[in-house]
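my_file-v5.pdb (PDB, C-alpha atoms) appears below.
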ATOM      1  CA  MET A 174      19.621  61.926 -14.735
ATOM      2  CA  ASN A 175      16.675  64.137 -13.820
ATOM      3  CA  THR A 176      13.870  63.114 -11.435
ATOM      4  CA  GLY A 177      11.355  62.257 -14.202
ATOM      5  CA  VAL A 178      13.759  59.844 -15.867
ATOM      6  CA  LYS A 179      14.475  58.122 -12.532
ATOM      7  CA  ILE A 180      10.739  57.611 -11.853
ATOM      8  CA  THR A 181      10.194  56.225 -15.360
ATOM      9  CA  ALA A 182      13.057  53.746 -14.966
ATOM     10  CA  PHE A 183      11.800  52.632 -11.547
ATOM     11  CA  ALA A 184       8.293  52.030 -12.915
ATOM     12  CA  ALA A 185       9.701  49.949 -15.762
ATOM     13  CA  ALA A 186      11.630  47.812 -13.276
ATOM     14  CA  LEU A 187       8.501  47.196 -11.227
ATOM     15  CA  ALA A 188       6.579  46.126 -14.328
ATOM     16  CA  ALA A 189       9.325  43.723 -15.345
ATOM     17  CA  THR A 190       9.453  42.169 -11.877
ATOM     18  CA  PHE A 191       5.758  41.961 -10.946
ATOM     19  CA  GLY A 192       3.928  42.292 -14.248
ATOM     20  CA  THR A 193       3.244  38.543 -14.600
ATOM     21  CA  ALA A 194       1.528  38.246 -11.216
ATOM     22  CA  TYR A 195      -0.463  41.441 -11.246
ATOM     23  CA  GLY A 196      -0.905  42.314 -14.911
ATOM     24  CA  VAL A 197       1.083  45.540 -14.564
ATOM     25  CA  GLY A 198       1.988  47.007 -17.946
ATOM     26  CA  LYS A 199      -0.449  44.658 -19.774
ATOM     27  CA  GLY A 200      -3.595  46.672 -19.485
ATOM     28  CA  VAL A 201      -5.328  44.136 -17.190
ATOM     29  CA  GLY A 202      -6.305  44.168 -13.521
ATOM     30  CA  PRO A 203      -5.512  41.649 -10.780
ATOM     31  CA  VAL A 204      -5.925  37.962 -11.644
ATOM     32  CA  ASP A 205      -9.456  36.701 -10.915
ATOM     33  CA  GLU A 206     -10.005  34.290  -8.017
ATOM     34  CA  PRO A 207     -10.429  30.658  -9.110
ATOM     35  CA  LYS A 208     -13.942  29.305  -9.304
ATOM     36  CA  LYS A 209     -15.124  27.002  -6.527
ATOM     37  CA  ALA A 210     -14.079  23.405  -7.120
ATOM     38  CA  GLU A 211     -16.582  20.596  -7.240
ATOM     39  CA  HIS A 212     -16.167  16.860  -6.652
ATOM     40  CA  ALA A 213     -18.505  13.927  -7.356
ATOM     41  CA  GLY A 214     -21.534  16.152  -7.731
ATOM     42  CA  HIS A 215     -20.965  17.904  -4.399
ATOM     43  CA  ALA A 216     -19.407  21.294  -3.748
ATOM     44  CA  ALA A 217     -15.915  20.861  -2.333
ATOM     45  CA  GLN A 218     -13.847  23.153  -0.188
ATOM     46  CA  ASP A 219     -11.638  25.337  -2.398
ATOM     47  CA  PRO A 220      -8.069  24.790  -1.161
ATOM     48  CA  GLN A 221      -6.889  28.054  -2.732
ATOM     49  CA  LYS A 222      -9.542  30.093  -0.959
ATOM     50  CA  THR A 223      -8.769  28.211   2.235
ATOM     51  CA  SER A 224      -5.127  29.245   2.060
ATOM     52  CA  GLY A 225      -5.885  32.764   0.879
ATOM     53  CA  HIS A 226      -3.468  32.415  -2.077
ATOM     54  CA  GLU A 227      -3.868  31.447  -5.729
ATOM     55  CA  GLY A 228      -1.252  28.733  -5.455
ATOM     56  CA  HIS A 229       0.332  26.583  -2.791
ATOM     57  CA  GLU A 230       3.549  28.210  -1.624
ATOM     58  CA  GLU A 231       6.580  26.260  -0.533
ATOM     59  CA  GLY A 232       6.484  25.709   3.214
ATOM     60  CA  ALA A 233       2.779  26.587   3.459
ATOM     61  CA  PRO A 234       0.240  24.115   4.927
ATOM     62  CA  ALA A 235      -1.214  21.581   2.492
ATOM     63  CA  PRO A 236      -4.555  22.554   0.906
ATOM     64  CA  ALA A 237      -7.646  21.344   2.771
ATOM     65  CA  ALA A 238      -9.301  18.300   1.198
ATOM     66  CA  ALA A 239     -13.012  18.115   0.480
ATOM     67  CA  LEU A 240     -15.005  16.620   3.350
ATOM     68  CA  PRO A 241     -16.702  13.264   2.806
ATOM     69  CA  GLY A 242     -20.490  13.299   2.754
ATOM     70  CA  GLY A 243     -22.705  13.025   5.814
ATOM     71  CA  LEU A 244     -20.427  14.798   8.278
ATOM     72  CA  GLN A 245     -22.449  18.014   8.280
ATOM     73  CA  ILE A 246     -26.065  18.738   9.134
ATOM     74  CA  SER A 247     -25.962  21.797   6.831
ATOM     75  CA  GLN A 248     -24.174  22.200   3.517
ATOM     76  CA  ASP A 249     -24.552  24.253   0.331
ATOM     77  CA  GLY A 250     -27.504  26.139   1.793
ATOM     78  CA  TYR A 251     -29.507  23.040   2.797
ATOM     79  CA  THR A 252     -30.170  21.632   6.282
ATOM     80  CA  LEU A 253     -31.428  18.245   7.486
ATOM     81  CA  ALA A 254     -34.066  19.044  10.124
ATOM     82  CA  LEU A 255     -35.093  16.065  12.279
ATOM     83  CA  GLU A 256     -38.530  16.365  13.882
ATOM     84  CA  THR A 257     -38.093  13.099  15.842
ATOM     85  CA  PRO A 258     -34.475  13.137  17.094
ATOM     86  CA  THR A 259     -35.187  10.794  20.060
ATOM     87  CA  PRO A 260     -37.228   7.829  18.794
ATOM     88  CA  ALA A 261     -38.051   4.913  21.104
ATOM     89  CA  VAL A 262     -36.501   1.450  20.993
ATOM     90  CA  GLY A 263     -38.294  -0.731  18.482
ATOM     91  CA  ARG A 264     -40.527   0.412  15.688
ATOM     92  CA  SER A 265     -41.291   4.109  15.502
ATOM     93  CA  THR A 266     -42.036   6.801  12.923
ATOM     94  CA  LEU A 267     -39.231   9.143  11.923
ATOM     95  CA  LYS A 268     -40.087  12.583  10.531
ATOM     96  CA  PHE A 269     -37.749  15.123   8.957
ATOM     97  CA  SER A 270     -37.449  17.774   6.281
ATOM     98  CA  ILE A 271     -34.828  19.415   4.102
ATOM     99  CA  LYS A 272     -34.765  23.183   4.572
ATOM    100  CA  ASP A 273     -33.212  25.782   2.297
ATOM    101  CA  ALA A 274     -31.151  28.812   3.315
ATOM    102  CA  THR A 275     -34.310  30.772   4.178
ATOM    103  CA  GLY A 276     -35.613  28.020   6.491
ATOM    104  CA  LYS A 277     -38.311  26.942   4.053
ATOM    105  CA  LYS A 278     -38.981  23.226   3.539
ATOM    106  CA  VAL A 279     -37.829  21.964   0.140
ATOM    107  CA  THR A 280     -40.585  20.195  -1.813
ATOM    108  CA  ALA A 281     -38.990  19.614  -5.232
ATOM    109  CA  PHE A 282     -36.207  17.057  -5.736
ATOM    110  CA  THR A 283     -34.562  15.369  -8.700
ATOM    111  CA  THR A 284     -35.155  11.616  -8.960
ATOM    112  CA  GLU A 285     -31.879   9.706  -8.757
ATOM    113  CA  HIS A 286     -31.475   5.922  -8.564
ATOM    114  CA  GLY A 287     -35.252   5.607  -8.631
ATOM    115  CA  LYS A 288     -35.917   7.866  -5.607
ATOM    116  CA  GLU A 289     -36.185  11.569  -4.837
ATOM    117  CA  LEU A 290     -34.301  11.072  -1.576
ATOM    118  CA  HIS A 291     -32.345   8.191  -0.038
ATOM    119  CA  PHE A 292     -32.568   7.928   3.748
ATOM    120  CA  ILE A 293     -30.095   5.814   5.720
ATOM    121  CA  VAL A 294     -30.014   5.170   9.472
ATOM    122  CA  ALA A 295     -27.027   3.422  11.062
ATOM    123  CA  SER A 296     -26.053   2.802  14.669
ATOM    124  CA  ARG A 297     -22.864   4.432  15.897
ATOM    125  CA  ASP A 298     -21.299   1.001  16.449
ATOM    126  CA  LEU A 299     -22.189   0.133  12.801
ATOM    127  CA  ASN A 300     -23.957  -3.084  13.751
ATOM    128  CA  THR A 301     -27.408  -1.843  12.699
ATOM    129  CA  PHE A 302     -28.165  -0.478   9.231
ATOM    130  CA  ARG A 303     -31.454   0.638   7.713
ATOM    131  CA  HIS A 304     -32.001   1.844   4.144
ATOM    132  CA  LEU A 305     -35.454   3.412   4.274
ATOM    133  CA  HIS A 306     -37.770   4.949   1.688
ATOM    134  CA  PRO A 307     -39.750   7.756   3.332
ATOM    135  CA  VAL A 308     -42.963   9.319   2.040
ATOM    136  CA  LYS A 309     -43.002  13.043   1.306
ATOM    137  CA  ALA A 310     -46.039  15.165   2.260
ATOM    138  CA  ALA A 311     -47.128  18.178   0.223
ATOM    139  CA  ASP A 312     -45.471  20.573   2.673
ATOM    140  CA  GLY A 313     -42.047  18.879   2.347
ATOM    141  CA  THR A 314     -42.218  16.766   5.520
ATOM    142  CA  TRP A 315     -40.866  13.226   5.072
ATOM    143  CA  SER A 316     -41.948  10.305   7.282
ATOM    144  CA  VAL A 317     -41.025   6.628   7.503
ATOM    145  CA  ASP A 318     -41.318   3.748   9.964
ATOM    146  CA  ALA A 319     -38.017   2.363  11.238
ATOM    147  CA  ASP A 320     -37.054  -0.499  13.540
ATOM    148  CA  LEU A 321     -34.202   0.560  15.825
ATOM    149  CA  PRO A 322     -33.541  -2.562  17.916
ATOM    150  CA  THR A 323     -31.381  -1.149  20.712
ATOM    151  CA  ALA A 324     -30.862   2.043  22.680
ATOM    152  CA  GLY A 325     -27.889   4.233  21.894
ATOM    153  CA  GLY A 326     -26.572   6.607  19.283
ATOM    154  CA  TYR A 327     -27.571   6.475  15.632
ATOM    155  CA  LYS A 328     -26.935   8.663  12.624
ATOM    156  CA  ALA A 329     -29.426   9.553   9.901
ATOM    157  CA  PHE A 330     -28.282  10.401   6.370
ATOM    158  CA  ALA A 331     -30.288  12.167   3.674
ATOM    159  CA  ASP A 332     -28.843  11.798   0.165
ATOM    160  CA  PHE A 333     -30.640  13.999  -2.385
ATOM    161  CA  LYS A 334     -30.429  16.512  -5.215
ATOM    162  CA  PRO A 335     -32.752  19.542  -5.097
ATOM    163  CA  ALA A 336     -34.643  20.372  -8.283
ATOM    164  CA  ALA A 337     -33.452  23.993  -8.146
ATOM    165  CA  PRO A 338     -31.493  25.173 -11.214
ATOM    166  CA  GLY A 339     -27.800  24.406 -10.877
ATOM    167  CA  ALA A 340     -28.255  22.417  -7.659
ATOM    168  CA  LYS A 341     -25.774  19.646  -6.898
ATOM    169  CA  GLY A 342     -26.234  16.402  -5.002
ATOM    170  CA  VAL A 343     -25.861  16.698  -1.217
ATOM    171  CA  THR A 344     -25.500  14.149   1.597
ATOM    172  CA  LEU A 345     -26.371  15.517   5.042
ATOM    173  CA  GLY A 346     -26.072  13.738   8.393
ATOM    174  CA  ALA A 347     -27.741  14.255  11.782
ATOM    175  CA  ASP A 348     -27.615  12.403  15.103
ATOM    176  CA  LEU A 349     -30.441  10.314  16.539
ATOM    177  CA  SER A 350     -30.551   9.237  20.192
ATOM    178  CA  VAL A 351     -32.599   6.251  21.317
ATOM    179  CA  PRO A 352     -33.092   6.470  25.120
ATOM    180  CA  GLY A 353     -32.325   3.474  27.308
ATOM    181  CA  ALA A 354     -29.496   1.316  28.604
ATOM    182  CA  TYR A 355     -26.788   1.076  25.985
ATOM    183  CA  ALA A 356     -23.912  -1.347  25.511
ATOM    184  CA  PRO A 357     -22.067  -0.853  22.203
ATOM    185  CA  LYS A 358     -21.160  -3.988  20.282
ATOM    186  CA  PRO A 359     -17.657  -4.539  18.916
ATOM    187  CA  LEU A 360     -17.146  -4.018  15.221
ATOM    188  CA  PRO A 361     -17.275  -7.365  13.386
ATOM    189  CA  ALA A 362     -13.901  -8.643  12.257
ATOM    190  CA  VAL A 363     -12.676  -8.656   8.663
ATOM    191  CA  ALA A 364     -13.632 -11.701   6.567
ATOM    192  CA  PRO A 365     -14.189 -12.312   2.823
ATOM    193  CA  THR A 366     -17.820 -13.492   2.860
ATOM    194  CA  ALA A 367     -21.192 -12.549   4.330
ATOM    195  CA  THR A 368     -24.261 -14.758   4.736
ATOM    196  CA  VAL A 369     -27.845 -13.481   4.812
ATOM    197  CA  ASP A 370     -31.077 -15.513   4.465
ATOM    198  CA  GLY A 371     -29.229 -18.446   2.895
ATOM    199  CA  TYR A 372     -27.328 -16.290   0.392
ATOM    200  CA  GLN A 373     -23.543 -16.081   0.406
ATOM    201  CA  VAL A 374     -21.873 -12.885  -0.811
ATOM    202  CA  ARG A 375     -18.129 -12.751  -1.451
ATOM    203  CA  LEU A 376     -16.296  -9.439  -1.590
ATOM    204  CA  GLY A 377     -13.292  -8.899  -3.824
ATOM    205  CA  GLY A 378     -11.186  -5.900  -4.776
ATOM    206  CA  VAL A 379      -9.184  -3.277  -2.899
ATOM    207  CA  LEU A 380     -10.373  -0.186  -1.037
ATOM    208  CA  ASP A 381      -7.484   2.263  -1.247
ATOM    209  CA  PRO A 382      -7.397   5.683   0.449
ATOM    210  CA  GLY A 383      -7.455   8.536  -2.050
ATOM    211  CA  LYS A 384      -7.634   6.233  -5.067
ATOM    212  CA  PRO A 385     -10.725   4.927  -6.915
ATOM    213  CA  GLY A 386     -10.924   1.154  -7.023
ATOM    214  CA  GLU A 387     -13.327  -1.609  -7.999
ATOM    215  CA  LEU A 388     -15.249  -3.597  -5.407
ATOM    216  CA  ARG A 389     -16.804  -6.781  -6.781
ATOM    217  CA  LEU A 390     -19.479  -8.701  -4.884
ATOM    218  CA  THR A 391     -20.493 -12.192  -5.975
ATOM    219  CA  VAL A 392     -23.878 -13.609  -4.883
ATOM    220  CA  THR A 393     -24.469 -17.355  -4.583
ATOM    221  CA  LYS A 394     -27.105 -19.560  -2.964
ATOM    222  CA  GLY A 395     -26.626 -23.191  -2.062
ATOM    223  CA  GLY A 396     -23.238 -23.117  -3.766
ATOM    224  CA  ARG A 397     -24.720 -21.948  -7.086
ATOM    225  CA  PRO A 398     -24.276 -18.498  -8.617
ATOM    226  CA  VAL A 399     -27.374 -16.286  -8.617
ATOM    227  CA  THR A 400     -27.708 -15.111 -12.217
ATOM    228  CA  ASP A 401     -31.176 -13.551 -12.007
ATOM    229  CA  LEU A 402     -30.785 -10.672  -9.562
ATOM    230  CA  GLU A 403     -33.554  -8.114  -9.900
ATOM    231  CA  PRO A 404     -32.984  -4.376 -10.458
ATOM    232  CA  TYR A 405     -32.975  -2.341  -7.257
ATOM    233  CA  LEU A 406     -32.675   1.463  -7.264
ATOM    234  CA  GLY A 407     -31.743   1.454 -10.933
ATOM    235  CA  ALA A 408     -29.018  -1.206 -10.640
ATOM    236  CA  TYR A 409     -28.510  -4.826  -9.596
ATOM    237  CA  GLY A 410     -27.234  -3.705  -6.212
ATOM    238  CA  HIS A 411     -26.849  -0.648  -4.019
ATOM    239  CA  LEU A 412     -23.745  -0.214  -1.862
ATOM    240  CA  VAL A 413     -23.293   2.156   1.102
ATOM    241  CA  ALA A 414     -19.901   2.584   2.815
ATOM    242  CA  LEU A 415     -19.471   4.223   6.239
ATOM    243  CA  ARG A 416     -16.179   5.017   8.005
ATOM    244  CA  ASP A 417     -15.817   3.714  11.543
ATOM    245  CA  GLY A 418     -15.378   6.488  14.104
ATOM    246  CA  ASP A 419     -17.194   9.411  12.473
ATOM    247  CA  LEU A 420     -19.547   7.569  10.064
ATOM    248  CA  ALA A 421     -18.367   9.511   7.016
ATOM    249  CA  TYR A 422     -20.603   8.555   4.090
ATOM    250  CA  LEU A 423     -18.748   7.417   0.969
ATOM    251  CA  HIS A 424     -20.175   7.904  -2.495
ATOM    252  CA  VAL A 425     -20.095   4.523  -4.227
ATOM    253  CA  HIS A 426     -21.031   4.300  -7.894
ATOM    254  CA  PRO A 427     -22.427   1.113  -9.502
ATOM    255  CA  ASN A 428     -20.740  -0.122 -12.660
ATOM    256  CA  GLU A 429     -22.617  -1.544 -15.618
ATOM    257  CA  GLY A 430     -23.193  -5.269 -15.543
ATOM    258  CA  GLY A 431     -25.681  -8.083 -15.863
ATOM    259  CA  PRO A 432     -28.090  -9.641 -13.359
ATOM    260  CA  GLY A 433     -25.457 -11.531 -11.413
ATOM    261  CA  PRO A 434     -23.734 -13.278  -9.913
ATOM    262  CA  ASP A 435     -21.239 -10.381  -9.885
ATOM    263  CA  VAL A 436     -22.176  -6.823  -8.893
ATOM    264  CA  SER A 437     -19.442  -4.216  -9.339
ATOM    265  CA  PHE A 438     -18.906  -0.767  -7.831
ATOM    266  CA  THR A 439     -16.264   1.958  -7.930
ATOM    267  CA  ALA A 440     -15.367   3.349  -4.501
ATOM    268  CA  GLU A 441     -12.726   5.625  -3.012
ATOM    269  CA  ALA A 442     -11.872   5.844   0.686
ATOM    270  CA  PRO A 443     -10.979   9.358   1.911
ATOM    271  CA  SER A 444      -8.429   7.958   4.363
ATOM    272  CA  ALA A 445      -6.888   4.790   5.702
ATOM    273  CA  GLY A 446      -8.974   3.109   8.374
ATOM    274  CA  THR A 447     -11.870   0.738   8.962
ATOM    275  CA  TYR A 448     -15.101   0.882   6.981
ATOM    276  CA  ARG A 449     -18.404  -0.961   6.958
ATOM    277  CA  LEU A 450     -19.942  -1.879   3.591
ATOM    278  CA  PHE A 451     -23.655  -2.634   3.217
ATOM    279  CA  LEU A 452     -24.831  -4.247  -0.023
ATOM    280  CA  ASP A 453     -28.556  -4.198  -0.807
ATOM    281  CA  PHE A 454     -29.592  -6.705  -3.479
ATOM    282  CA  GLN A 455     -32.977  -7.981  -4.607
ATOM    283  CA  HIS A 456     -33.880 -11.557  -5.523
ATOM    284  CA  GLU A 457     -37.249 -13.278  -5.751
ATOM    285  CA  GLY A 458     -39.003 -10.035  -4.865
ATOM    286  CA  LYS A 459     -37.189  -9.361  -1.570
ATOM    287  CA  VAL A 460     -34.368  -6.966  -0.710
ATOM    288  CA  ARG A 461     -31.596  -8.288   1.528
ATOM    289  CA  THR A 462     -28.489  -6.654   2.989
ATOM    290  CA  ALA A 463     -25.040  -8.230   3.235
ATOM    291  CA  SER A 464     -22.588  -6.370   5.504
ATOM    292  CA  PHE A 465     -18.797  -6.356   5.596
ATOM    293  CA  THR A 466     -15.929  -4.865   7.593
ATOM    294  CA  VAL A 467     -13.072  -3.601   5.405
ATOM    295  CA  LYS A 468      -9.640  -2.142   6.128
ATOM    296  CA  ALA A 469      -8.664   0.616   3.699
ATOM    297  CA  GLY A 470      -4.960   0.929   3.104
ATOM    298  CA  ALA A 471      -4.271  -2.634   4.251
ATOM    299  CA  THR A 472      -2.117  -4.829   2.044
ATOM    300  CA  GLY A 473      -3.766  -7.510  -0.023
ATOM    301  CA  LYS A 474      -7.385  -7.730  -1.051
ATOM    302  CA  THR A 475     -10.357  -6.481   0.905
ATOM    303  CA  ALA A 476     -12.204  -8.914   3.103
ATOM    304  CA  ALA A 477     -15.372  -8.774   5.138
ATOM    305  CA  GLU A 478     -17.160 -10.600   7.891
ATOM    306  CA  PRO A 479     -20.659 -12.094   7.677
ATOM    307  CA  THR A 480     -23.121 -10.618  10.117
ATOM    308  CA  GLY A 481     -26.852 -10.961  10.540
ATOM    309  CA  ALA A 482     -27.238  -7.798  12.622
ATOM    310  CA  ALA A 483     -27.560  -5.417   9.709
ATOM    311  CA  THR A 484     -30.612  -7.001   8.090
ATOM    312  CA  HIS A 485     -32.632  -4.896   5.688
ATOM    313  CA  ASP A 486     -35.701  -3.177   7.068
ATOM    314  CA  ALA A 487     -38.252  -4.458   4.568
ATOM    315  CA  GLY A 488     -41.024  -2.538   6.309
ATOM    316  CA  GLY A 489     -39.329   0.726   5.428
ATOM    317  CA  HIS A 490     -39.729   0.362   1.662
ATOM    318  CA  ALA A 491     -42.914   2.438   1.375
ATOM    319  CA  HIS A 492     -42.466   5.306  -1.049
ATOM    320  CA  GLY A 493     -44.904   7.914  -2.170
TER     321      GLY A 493
END
Re-express the file's structure as structure tokens.
Amino acid sequence: MNTGVKITAFAAALAATFGTAYGVGKGVGPVDEPKKAEHAGHAAQDPQKTSGHEGHEEGAPAPAAALPGGLQISQDGYTLALETPTPAVGRSTLKFSIKDATGKKVTAFTTEHGKELHFIVASRDLNTFRHLHPVKAADGTWSVDADLPTAGGYKAFADFKPAAPGAKGVTLGADLSVPGAYAPKPLPAVAPTATVDGYQVRLGGVLDPGKPGELRLTVTKGGRPVTDLEPYLGAYGHLVALRDGDLAYLHVHPNEGGPGPDVSFTAEAPSAGTYRLFLDFQHEGKVRTASFTVKAGATGKTAAEPTGAATHDAGGHAHG
């Protein structure tokens, strides 16, 4: 066999062996990289780009999972910029802005659940919770009064969707420090009911890691079901879930339903562990917050403990 025939045969063998992966012999170039994955309205880490391969190879590390919300101060080209990172104990004014990738303050947002931006402040020990409604100035600076009852570490969360074309929802988190003597409180124990301002709220359902599940909260007063809950933020309740330890912010979606006594949500825990749930509900013109401690991954149904520490900051409901 002459040299030209040998080269032709070798090329044919290469095409037969590697043609599927690289398009050799098919008139196409290398396979395109997969598009960036998205999850629950937020850009997720692409596990294939993380590994540097188009598929997960045997013996290779598992693909990286998408991070829960609120763990980063910057994400998807947006940054939560706190102008008052060290407020005083008691009532003070918090100011912040959302900046884009160029450092410019964002002024246009998409209204979701009745607000352009949802602002949450929680203490690191998860005994204090504030759902606030800040006012936005023309230059993109937000401000709101907040009552932070004790010194110590807090975390602020901004949950929003920019009005820019193609923008996705983002939840950013940043630390607040309240100067003064600090003694963290223990996390309340798990129990099935919470009591706030004479209302009893019972929690049912299961919070499973990595698996969506229904959480059902039933509101009663004086032993009677409350069947005339009032809409709040586009639903008959608003639920925030935070993971103990790093305060990861879980996206909880309300399910359709009537004005009580049951309020239902779909939630998914990113991992096993302990979580705090904060239910805002409105009745007779006032918003109240019932708080629970929940173990994700535990056998049996979820349960929560009543606590009066995480009362709703009614003075923070101003919205422009």
Between CA of Gly386 (chain A) and CA of Glu429 (chain A), distance in Å (one decimal)
14.8 Å
Hits of the PyMOL selection byres ((chain A and resi 391) around 7) in this structure, as a PyMOL selection string:
chain A and resi 374-376+389-390+392-393+434-436
Specify as a list in words each residue included when the PyMOL selection byres ((chain A and resi 446) around 7) is applied to this file.
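Evaluating the PyMOL selection byres ((chain A and resi 446) around 7) on this file yields Ser444, Ala445, Thr447, Tyr448, Lys468, Ala469 and Gly470 of chain A.
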Can you list what the PyMOL selection byres ((chain A and resi 326-329) around 8) grabs from this structure, as an MDAnalysis selection string?
chainID A and resid 292:297 324:325 330:331 346:351 420
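With only C-alpha atoms as the atoms that count, the residue of A:Glu441, A:Asp401, A:Asp419, A:Asp332 with the shortest distance to Glu289 (chain A) is A:Asp332.
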Exercise: Phe451 (chain A) partners within 6 Å, all atoms listed in the file, chain neighbours under 3 positions left out, as a PyMOL selection string:
chain A and resi 412-413+463-464
